[in-house]
Amino acid sequence: MGQVPRQPFGAAPHHDRDAVTEWLPARVPGDVRADLIAAGRIPPVESPEGIAAGGWVDDSDWWYHVELPRDFAAGETVILEADGIDYQSAIWLDDMLLGTHVGAFARQAMPLAVQPAGAHELAIRIWGGGALPRLPAKTREHLMRGVLGRLAPGIEYFPDRMATTKAQFGFGWDFSPRLLSAGIWDEIRLIRTHNAYIEDLHIRPDPLTEADPTAVIWRLRLRVARLHPCAVRAEVTIHPENFEAGGYHAAGRTINLCPNDAPLCTADHDLAVEMAATRRWQP
């Protein structure tokens with residue numbers, strides 16, 4: 001990762017990666033401050049003096065970059081999935097802007113136009129904490145005289161923390177200093193596929209009965225994008241997360257993604273998997 005001067009955040013940000021004068025090792029998932037501490041550029045945030053010494057971090061923007069693998073196959077579709085980038089960000093493949101995003105908790109998924117056996121660089125620009133939006137004065141007046149005044153008389157007004165969905169303690173609290181996070185805080189990965197891509201997966205179990213053991217029915221909703229005409233067999237495997245047990249199995253079903261005359265489409269598919277003789281966990 002590397003530091004660059006602040007620029008306004010917008011839909012068409014300026015590509016200023018060449019302005020980075022020093023690249024430092026970065027951990028992903030991670031945080032800009034954590035990487036700077038590990039590199040010895042700022043002291044640990046364990047004292048008021050250490051926190052103050054790193055205050056400049058919020059006034060800069062930051063680049064992450066990495067070279068992608070060079071073994072992509074012909075006909076392969078490569079999709080970038082980022083589960084959480086904090087908070088305002090833009091993603092580039094080489095010199096092509098793929099998109100901008102505001103928020104820390106929504107997954108971003110975007111196809112990458114990569115060439116087989118070609119050299120490609122993925123780069124992500126992240127705006128520092130000082131670039132976070134603030135509620136304008138008119139909104140403040142409306143809140144203080146209207147909504148907040150009726151719901152909670154005497155409530156304080158925070159134009160910065162009320163304008164974002166960031167973790168509120170990062171703005172400072174009675175138990176924590178003001179330390180605004182920035183970075184790739186959650187998993188990021190490349191999905192390599194050919195004919196289909198699972199865009200989303202939602203799992204919901206039916207309510208359990210009073211019997212123990214009891215049967216459990218898991219209801220899965222798959223959102224699948226078909227990239228080329230094909231049929232797909234979905235294999236669902238259920239296994240314990242934190243204990244060893246038998247009786248868990250895989251279930252399979254062939255699903256028709258789209259009509260054959262629709263080569264590109266996205267559709268939801270509902271699957272049900274029954275798991276017999278399951279004991280409820282009593283905390």
# chains A, B, ... in the order shown; residues from 1 in each chain; ligands from 1
$ select_by_dssp --residues "stretch 86-279 of chain A" --states "helix (DSSP H, G or I)" --output "list in words"
Gly129, Gly130, Ala131, Ala137, Lys138, Thr139, Arg140, Glu141, His142, Leu143, Met144, Arg145, Gly146, Val147, Leu148, Gly149, Arg150, Leu151, Arg161, Met162, Ala163, Gln168, Phe169, Gly170 and Phe171 of chain A
$ select_by_dssp --residues "stretch 46-117 of chain A" --states "strand (DSSP E or B)" --output "ChimeraX atom specification"
/A:61-67,77-82,85-86,88-93,96-102,108-112
$ write_last_selection --atoms "C-alpha atoms" --output "compact mmCIF listing (two decimals), in the first residue's frame"
# COMPACT_ATOMS: atom_id res chain seq x y z
CA ASP A 61 -5.60 8.79 0.69
CA TRP A 62 -4.21 5.29 0.14
CA TRP A 63 -3.57 2.84 -2.67
CA TYR A 64 -3.41 -0.94 -2.47
CA HIS A 65 -2.07 -2.88 -5.44
CA VAL A 66 -1.20 -6.47 -6.28
CA GLU A 67 -0.15 -8.37 -9.40
CA THR A 77 -14.42 -15.64 -16.68
CA VAL A 78 -12.71 -13.93 -13.75
CA ILE A 79 -14.80 -12.06 -11.19
CA LEU A 80 -13.46 -9.96 -8.32
CA GLU A 81 -15.38 -10.25 -5.06
CA ALA A 82 -14.63 -7.81 -2.23
CA ILE A 85 -13.70 -2.07 1.71
CA ASP A 86 -13.79 0.77 4.20
CA GLN A 88 -15.00 5.25 0.04
CA SER A 89 -13.10 3.36 -2.65
CA ALA A 90 -12.39 2.94 -6.35
CA ILE A 91 -11.10 -0.19 -8.09
CA TRP A 92 -8.84 -0.29 -11.15
CA LEU A 93 -7.64 -3.14 -13.35
CA MET A 96 -9.16 0.95 -16.38
CA LEU A 97 -11.56 2.17 -13.69
CA LEU A 98 -13.99 -0.63 -12.79
CA GLY A 99 -16.15 1.33 -10.39
CA THR A 100 -16.44 3.39 -7.21
CA HIS A 101 -18.22 2.45 -3.99
CA VAL A 102 -19.37 4.04 -0.72
CA GLN A 108 -18.70 -5.68 -4.50
CA ALA A 109 -18.56 -8.09 -7.43
CA MET A 110 -17.25 -7.11 -10.85
CA PRO A 111 -15.91 -9.03 -13.87
CA LEU A 112 -12.28 -8.50 -14.86
$ closest_residue --among "A:Arg189, A:Arg204, A:Arg233, A:Arg223" --to "A:Val28" --atoms "only C-alpha atoms"
A:Arg189
$ residues_around --residues "stretch 256-258 of chain A" --least-positions-apart "4" --cutoff "7 Å" --atoms "only C-alpha atoms" --output "ChimeraX atom specification"
/A:226,231-232,262,265,267
$ write_last_selection --atoms "N, CA and C atoms" --output "PDB file, in the first residue's frame"
ATOM      1  N   ARG A 226     -25.870 -16.973 -15.610  1.00  0.00           N
ATOM      2  CA  ARG A 226     -25.393 -17.872 -16.646  1.00  0.00           C
ATOM      3  C   ARG A 226     -24.623 -17.054 -17.675  1.00  0.00           C
ATOM      4  N   ALA A 231     -26.561 -26.292 -18.592  1.00  0.00           N
ATOM      5  CA  ALA A 231     -27.278 -26.704 -17.394  1.00  0.00           C
ATOM      6  C   ALA A 231     -26.249 -26.909 -16.290  1.00  0.00           C
ATOM      7  N   VAL A 232     -26.652 -26.697 -15.054  1.00  0.00           N
ATOM      8  CA  VAL A 232     -25.713 -26.762 -13.934  1.00  0.00           C
ATOM      9  C   VAL A 232     -26.265 -27.677 -12.858  1.00  0.00           C
ATOM     10  N   ALA A 262     -31.802 -17.624 -24.141  1.00  0.00           N
ATOM     11  CA  ALA A 262     -31.302 -16.474 -23.380  1.00  0.00           C
ATOM     12  C   ALA A 262     -29.887 -16.794 -22.923  1.00  0.00           C
ATOM     13  N   CYS A 265     -28.115 -14.339 -18.520  1.00  0.00           N
ATOM     14  CA  CYS A 265     -29.235 -14.014 -17.633  1.00  0.00           C
ATOM     15  C   CYS A 265     -28.824 -14.284 -16.195  1.00  0.00           C
ATOM     16  N   ALA A 267     -30.831 -15.457 -12.469  1.00  0.00           N
ATOM     17  CA  ALA A 267     -32.099 -15.936 -11.926  1.00  0.00           C
ATOM     18  C   ALA A 267     -31.872 -16.519 -10.540  1.00  0.00           C
TER      19      ALA A 267
END
$ residues_around --residues "A:Gly170" --least-positions-apart "4" --cutoff "9 Å" --atoms "only C-alpha atoms" --output "PyMOL selection string"
chain A and resi 161+166+176-181
$ atom_distance --atom1 "atom CA of A:Leu208" --atom2 "atom CA of A:Gln282"
13.0 Å
$ residues_around --residues "A:Ala73" --least-positions-apart "6" --cutoff "10 Å" --atoms "only C-alpha atoms" --output "list in words"
Val114, Gln115, Pro116, Ala117, Arg192, Thr193 and His194 of chain A
$ atom_distance --atom1 "atom CA of A:Ala163" --atom2 "atom CA of A:Tyr87"
12.0 Å
$ atom_distance --atom1 "atom CA of A:Val57" --atom2 "atom CA of A:Ile184"
15.5 Å
$ residues_around --residues "stretch 210-213 of chain A" --least-positions-apart "6" --cutoff "8 Å" --atoms "only C-alpha atoms" --output "ChimeraX atom specification"
/A:277-280
$ write_last_selection --atoms "N, CA and C atoms" --output "short mmCIF file (atom, residue, chain, number, x, y, z; two decimals), in the first residue's frame"
data_model
loop_
_atom_site.label_atom_id
_atom_site.label_comp_id
_atom_site.auth_asym_id
_atom_site.auth_seq_id
_atom_site.Cartn_x
_atom_site.Cartn_y
_atom_site.Cartn_z
N ALA A 277 -32.43 -36.43 12.00
CA ALA A 277 -31.89 -36.76 13.32
C ALA A 277 -30.86 -35.74 13.79
N THR A 278 -31.28 -34.51 13.85
CA THR A 278 -30.39 -33.44 14.30
C THR A 278 -30.79 -33.02 15.71
N ARG A 279 -29.79 -32.90 16.57
CA ARG A 279 -30.07 -32.47 17.94
C ARG A 279 -29.88 -30.96 18.05
N ARG A 280 -30.79 -30.34 18.75
CA ARG A 280 -30.68 -28.89 18.97
C ARG A 280 -29.51 -28.61 19.93
#
$ residues_around --residues "A:Ile217" --least-positions-apart "5" --cutoff "7 Å" --atoms "only C-alpha atoms" --output "ChimeraX atom specification"
/A:205-206,272-275
$ closest_residue --among "A:Arg27, A:Arg33, A:His202, A:His15" --to "A:Asp58" --atoms "only C-alpha atoms"
A:Arg33
$ closest_residue --among "A:Trp127, A:Ile51, A:Ser60, A:Ile188" --to "A:Arg107" --atoms "only C-alpha atoms"
A:Ile188
